[in-house]
Structure formats: C-alpha cells, structure tokens
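For reference, the structure discussed in these notes is given below.
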Number of protein chains: 2
Amino acid sequence: MASHSAASVTQGSEARGPRERMVIHAADLIGRDGVAATSIGDVIAASSAPRGSIYHHFPGGKTQLMTEAVRYAGDFIADRLGTLRSHTAADAVTDIGDVWRRMLINSDYQFGCPVLAGGLARRTEPQVADVAEEVLTQWTKLVASRLVVEGVDVDRAGSLANLIVAAIEGAVGLCQTQRSVEPLDNVIRELALLTQSVATA
Amino acid sequence: MASHSAASVTQGSEARGPRERMVIHAADLIGRDGVAATSIGDVIAASSAPRGSIYHHFPGGKTQLMTEAVRYAGDFIADRLGTLRSHTAADAVTDIGDVWRRMLINSDYQFGCPVLAGGLARRTEPQVADVAEEVLTQWTKLVASRLVVEGVDVDRAGSLANLIVAAIEGAVGLCQTQRSVEPLDNVIRELALLTQSVATA
DNA sequence: GTCTATACGAAGATAGAC
DNA sequence: GTCTATCTTCGTATAGAC
C-alpha cells in the first residue's frame, strides 16, 4: 500500500496510464465526496495526470469521466464478491461486510460507495445514475445467486439479497457519518443471523 | 398539497416566514440533490425568499443554512415516528417504511434522506455532518425504544434498530437510483418478518 | 429586512500551439 | 498527448443604500 488513497479502490493505480489512473481516482473521490463535489481538477490532482489531455481522453467531459468511474467501482467490487471463498450463506454475508469494513477503516471512514453516490446524482447527472442502477442490479443478482447456491430458497433469495445490499449501503453511509465501524458490524451480525436461519429453513 | 415540492418535507411552508421557508426548502433540496449540489440560489428560488436577506437571517452562510435544514428534516421525521399508532413491532416497521414510501412516490423518487446526505458531506461540511450524526443516533434510539415497548429484548433492540435504520436509508437510496419503490417494499417486508420473529422469541 | 451592485474564486469547457 | 491561455457560467460572500 503506497499512499493514503490506496486505501479504497486505487490499489496498483500507479502502474497504469494516465487515463486509467484518472478513472480510478475519480471513483475514489466519488466514494468520498459524491459526484457533485468531485471536480475534474480534483481528479487530476489526485491522479497526477496531465491537465491538458482530459478532453482528449474524455471528450464527454465530466459526465463521461464520472460514468466510467462508477462502472469501474462496480466491477472492482463485483470482482471481490466473486472471489469470496465462504462455505455458508451466513459466512458469505460476513465476507461481503469485511470488504467494506476494510475500505472504511483504511480510508479513515472517508470512503463510501461510489455507486450509490452515482445513483443519488440522478437529477444533475442522469447518465451516471443509469450506470449506477445497472451496477446495483448486478450486485443484487450476484448476492441472490450466491444465497441460492448456499441453500436459500429461490423465491426468497431476491428479496433477501435486496435487504443485504440496501442494509450494507446504508450502514456504510452511517459509518461515514459516525466515523465508526459499529453500524456496519451491527448490521452484518444481524444479516448473518437472519441469513443463517433462512438458509437452514 | 399545493405545489410539486410539497411532496416531501415542505408541507405548509407557505404559511411561514421567509426564514423558515428557506430552511424547509433547503431540507427538501438537500434530500434531492445533496449538500454540495444545493446552492443558496436554488434555495431562494424554491422558497420564493428575498435574495437580500440571506446573510441577515443566516450570518453563517451556506453552512448555517444546511445545518439548520438537516436538523429540521431530522425533527420532521422524528415527529412522524413519534405519532405512529401501530400495535406490534412488525407493524411499527411497516409504518416507518410507509413514511418513506409516501415521500418517495410523491416526489417521483427524487426526494431521499436529507440527513444521510448531510452525513455524507463530512469532508466539505463537517458541521452539517455533525448534526446529521446526532439525528441518526436519535432516530436509532427512537426505533430501539419502540422495539423494546413492542416486546423485543433490550440487548437485541439496539442492533436490530441499527439494521432497520441502515436498511431503510439504503433502500431509499436504491429507490431513488431505480425510480421504483420495489427495493423499499422488499426491505420492509424482510424487516417486518425479522422483527416479528424477534419480538415473539 | 430587503435591495442592488460587486468582488472573488472555482469549475466546466474550448482553441490553438507544441 | 499534452500544454497554456481563455471564455463563461456559477456560487459564495460583502458593502452600502433604502
């Protein structure tokens, strides 16, 4: 872990070209401050990218940069969800929680979910929100199918996955607000208990 | 219901003075667009308030206006939570969900939680986030004590209330993103089921 | 309490040179 | 691909008159 900002979604970004670095650091900043509060200048500064080539790489301007950043964050998290090696549904929930737990603590509770942040920006940045919507749907399906594999009834899995995604997103926001992991820990414990009982039923 | 913006937190704001109208409409706009994307000019336009007296009423500028708005929204929702007349813990959860359900639908899914929005703005507006933190803690305690009254074990109530608040906050964000009540409906159904089983135990 | 005018800076975006 | 202007719009905030 090189710098402070390597705490969230920026791991290994140094090795890449300016364009990709901009996208990665944009995702990081959106997770911290939201879409509206993240300026192109901020992204350039964070990624040590050249000022002069933004509109070369991103002719669509800020909207394009934010859009790609939300998609990047979505894939980044989806990858992590895909590689979890838990063996029960309850463990899977705990592991998903740990992914966020780590990012919160490593960023000193500054980094939240760039995807939800994108979704909340619908009025000013509808295209960004559209991508966020896709990603959230994908995440929920990923969680649901995982629950099914671990023994949860198919009819229940969708609604339970919805609860898990919503509760974790909300808990991450509470953790940012309170600068504490406690909300997430409570939520994960409750979700794991519930998931276990549903999977066993 | 007079105007479109009367759909969220702005009911009866016409009858009040300019200062209070500004606070109410600031809360409304923060719930829609977040703190950073809400400008003083937007608030003035929405509340039909006089341009010249903002810094007379709010010498602390935008920060003060946003701070008071988040507090107002917090009290507004807390009042509603206080007047719910449900008789079981599960019904209480459903009623809380209905409060948000209505605001989402009436605003065409544009209005989300101003308090969480304030909490997410900590880096740029720490004072606003501090108020948001207070409010969220208050809400969680309100829910927890209600659960206890309805038969939930005291040791469990805090953690369950945390889940309920986090899940609803997250669900509201998902509803805004997807322009649909489905996430909230799923979450409320799951939470009601869980709460019922915990209250009965 | 409310107005107008204005200062100041930040941010998105474009043009044209290298 | 990258740089340096530059334009424009917007947003916060202040000053001073009414």
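Lettering and numbering for the structure tokens are positional, with chains as A, B, ... in the shown order, residues counted from 1 in each chain, and ligands counted from 1 in the shown order.
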
Distance filter 12 Å, only C-alpha atoms (C1' of nucleotides), chain B against chain D, as a compact mmCIF listing (two decimals) with all heavy atoms, in the first residue's frame:
# COMPACT_ATOMS: atom_id res chain seq x y z
N ALA B 36 -23.70 19.42 -1.48
CA ALA B 36 -22.81 20.11 -2.41
C ALA B 36 -23.56 20.68 -3.60
O ALA B 36 -23.26 21.78 -4.06
CB ALA B 36 -21.71 19.17 -2.88
N ALA B 37 -24.55 19.94 -4.10
CA ALA B 37 -25.26 20.36 -5.30
C ALA B 37 -26.38 21.34 -5.01
O ALA B 37 -27.06 21.80 -5.92
CB ALA B 37 -25.82 19.13 -6.02
N THR B 38 -26.60 21.63 -3.74
CA THR B 38 -27.65 22.59 -3.38
C THR B 38 -27.02 23.95 -3.13
O THR B 38 -26.28 24.13 -2.17
CB THR B 38 -28.41 22.13 -2.12
OG1 THR B 38 -29.04 20.87 -2.40
CG2 THR B 38 -29.48 23.14 -1.74
N SER B 39 -27.34 24.92 -3.97
CA SER B 39 -26.77 26.26 -3.81
C SER B 39 -27.76 27.15 -3.08
O SER B 39 -28.98 26.89 -3.05
CB SER B 39 -26.43 26.86 -5.16
OG SER B 39 -27.60 27.22 -5.85
N ILE B 40 -27.25 28.21 -2.53
CA ILE B 40 -28.10 29.19 -1.86
C ILE B 40 -29.13 29.74 -2.85
O ILE B 40 -30.29 29.94 -2.50
CB ILE B 40 -27.23 30.32 -1.28
CG1 ILE B 40 -26.34 29.76 -0.17
CG2 ILE B 40 -28.09 31.45 -0.74
CD1 ILE B 40 -25.42 30.79 0.45
N GLY B 41 -28.69 29.97 -4.06
CA GLY B 41 -29.60 30.47 -5.09
C GLY B 41 -30.76 29.52 -5.34
O GLY B 41 -31.90 29.95 -5.53
N ASP B 42 -30.47 28.22 -5.35
CA ASP B 42 -31.53 27.23 -5.52
C ASP B 42 -32.56 27.34 -4.40
O ASP B 42 -33.77 27.28 -4.64
CB ASP B 42 -30.94 25.80 -5.49
CG ASP B 42 -30.07 25.50 -6.69
OD1 ASP B 42 -30.22 26.19 -7.72
OD2 ASP B 42 -29.25 24.57 -6.60
N GLY B 52 -31.96 39.39 -0.75
CA GLY B 52 -31.12 40.31 0.02
C GLY B 52 -30.95 40.01 1.48
O GLY B 52 -30.15 40.66 2.16
N ILE B 54 -30.48 36.89 3.05
CA ILE B 54 -29.95 35.58 3.45
C ILE B 54 -28.91 35.73 4.54
O ILE B 54 -28.96 35.05 5.56
CB ILE B 54 -29.27 34.88 2.27
CG1 ILE B 54 -30.09 35.03 1.01
CG2 ILE B 54 -29.06 33.42 2.60
CD1 ILE B 54 -29.21 34.99 -0.18
N TYR B 55 -27.97 36.62 4.31
CA TYR B 55 -26.88 36.76 5.28
C TYR B 55 -27.32 37.58 6.49
O TYR B 55 -26.60 37.69 7.46
CB TYR B 55 -25.64 37.35 4.61
CG TYR B 55 -25.00 36.34 3.69
CD1 TYR B 55 -25.36 36.25 2.34
CD2 TYR B 55 -24.08 35.41 4.18
CE1 TYR B 55 -24.80 35.30 1.51
CE2 TYR B 55 -23.52 34.46 3.35
CZ TYR B 55 -23.88 34.41 2.02
OH TYR B 55 -23.32 33.46 1.19
N HIS B 56 -28.53 38.11 6.38
CA HIS B 56 -29.13 38.69 7.58
C HIS B 56 -29.68 37.55 8.45
O HIS B 56 -29.40 37.48 9.65
CB HIS B 56 -30.25 39.66 7.20
CG HIS B 56 -31.08 40.12 8.36
ND1 HIS B 56 -30.62 41.04 9.27
CD2 HIS B 56 -32.31 39.77 8.77
CE1 HIS B 56 -31.55 41.23 10.19
NE2 HIS B 56 -32.59 40.48 9.91
N PHE B 58 -29.02 34.26 8.02
CA PHE B 58 -28.02 33.20 8.23
C PHE B 58 -26.61 33.78 8.10
O PHE B 58 -25.96 33.58 7.07
CB PHE B 58 -28.23 32.07 7.22
CG PHE B 58 -29.63 31.51 7.23
CD1 PHE B 58 -30.58 31.97 6.32
CD2 PHE B 58 -30.00 30.53 8.15
CE1 PHE B 58 -31.87 31.47 6.34
CE2 PHE B 58 -31.29 30.02 8.16
CZ PHE B 58 -32.23 30.49 7.25
N PRO B 59 -26.16 34.47 9.13
CA PRO B 59 -24.82 35.07 9.07
C PRO B 59 -23.73 34.02 8.83
O PRO B 59 -22.68 34.35 8.30
CB PRO B 59 -24.68 35.73 10.45
CG PRO B 59 -25.80 35.21 11.29
CD PRO B 59 -26.88 34.75 10.37
N GLY B 60 -24.01 32.79 9.20
CA GLY B 60 -23.04 31.71 8.98
C GLY B 60 -23.05 31.20 7.55
O GLY B 60 -22.36 30.23 7.25
N GLY B 61 -23.84 31.84 6.68
CA GLY B 61 -23.83 31.47 5.27
C GLY B 61 -24.41 30.10 4.98
O GLY B 61 -25.27 29.60 5.71
N LYS B 62 -23.93 29.51 3.94
CA LYS B 62 -24.45 28.21 3.48
C LYS B 62 -24.36 27.16 4.57
O LYS B 62 -25.30 26.38 4.77
CB LYS B 62 -23.69 27.76 2.24
CG LYS B 62 -24.16 26.40 1.73
CD LYS B 62 -23.51 26.00 0.41
CE LYS B 62 -23.97 24.59 0.03
NZ LYS B 62 -23.50 24.17 -1.31
N THR B 63 -23.26 27.13 5.27
CA THR B 63 -23.09 26.11 6.32
C THR B 63 -24.21 26.17 7.35
O THR B 63 -24.80 25.16 7.72
CB THR B 63 -21.73 26.29 7.02
OG1 THR B 63 -20.68 26.14 6.05
CG2 THR B 63 -21.55 25.26 8.12

Residues of chain A within 9 Å of chain B, counting only C-alpha atoms, as a ChimeraX atom specification: /A:32-37,110,112,116-124,129-130,132-134,136,158-160,162-174,176-178,183-184,186-191,194

Using only C-alpha atoms (C1' of nucleotides), I'd like every residue of chain C that has an atom within 10 Å of chain B; please write them out as an NGL selection string. :C and (1-4)

Written file, previous selection with C-alpha atoms (C1' of nucleotides), as a tab-separated table (two decimals), in the first residue's frame:
chain	number	residue	atom	x	y	z
C	1	DG	C1'	-35.38	43.18	6.31
C	2	DT	C1'	-34.66	43.68	1.84
C	3	DC	C1'	-32.48	45.67	-2.29
C	4	DT	C1'	-28.59	46.22	-5.85

Would you give me, as a VMD selection string, the residues in region 61-181 of chain B that DSSP reads as helix (DSSP H, G or I)? chain B and resid 61 to 83 89 to 106 114 to 119 126 to 149 154 to 178

One decimal, in Å: what's the spacing between CA of Ser13 (chain A) and CA of Asp75 (chain A)?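 Computing the Euclidean distance for CA of Ser13 (chain A) and CA of Asp75 (chain A) yields 15.0 Å.
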
Nearby residues (only C-alpha atoms (C1' of nucleotides)) at most 9 Å from Thr200 (chain B), same-chain spacing under 5 positions excluded, as number ranges by chain: B: 151-152, 195
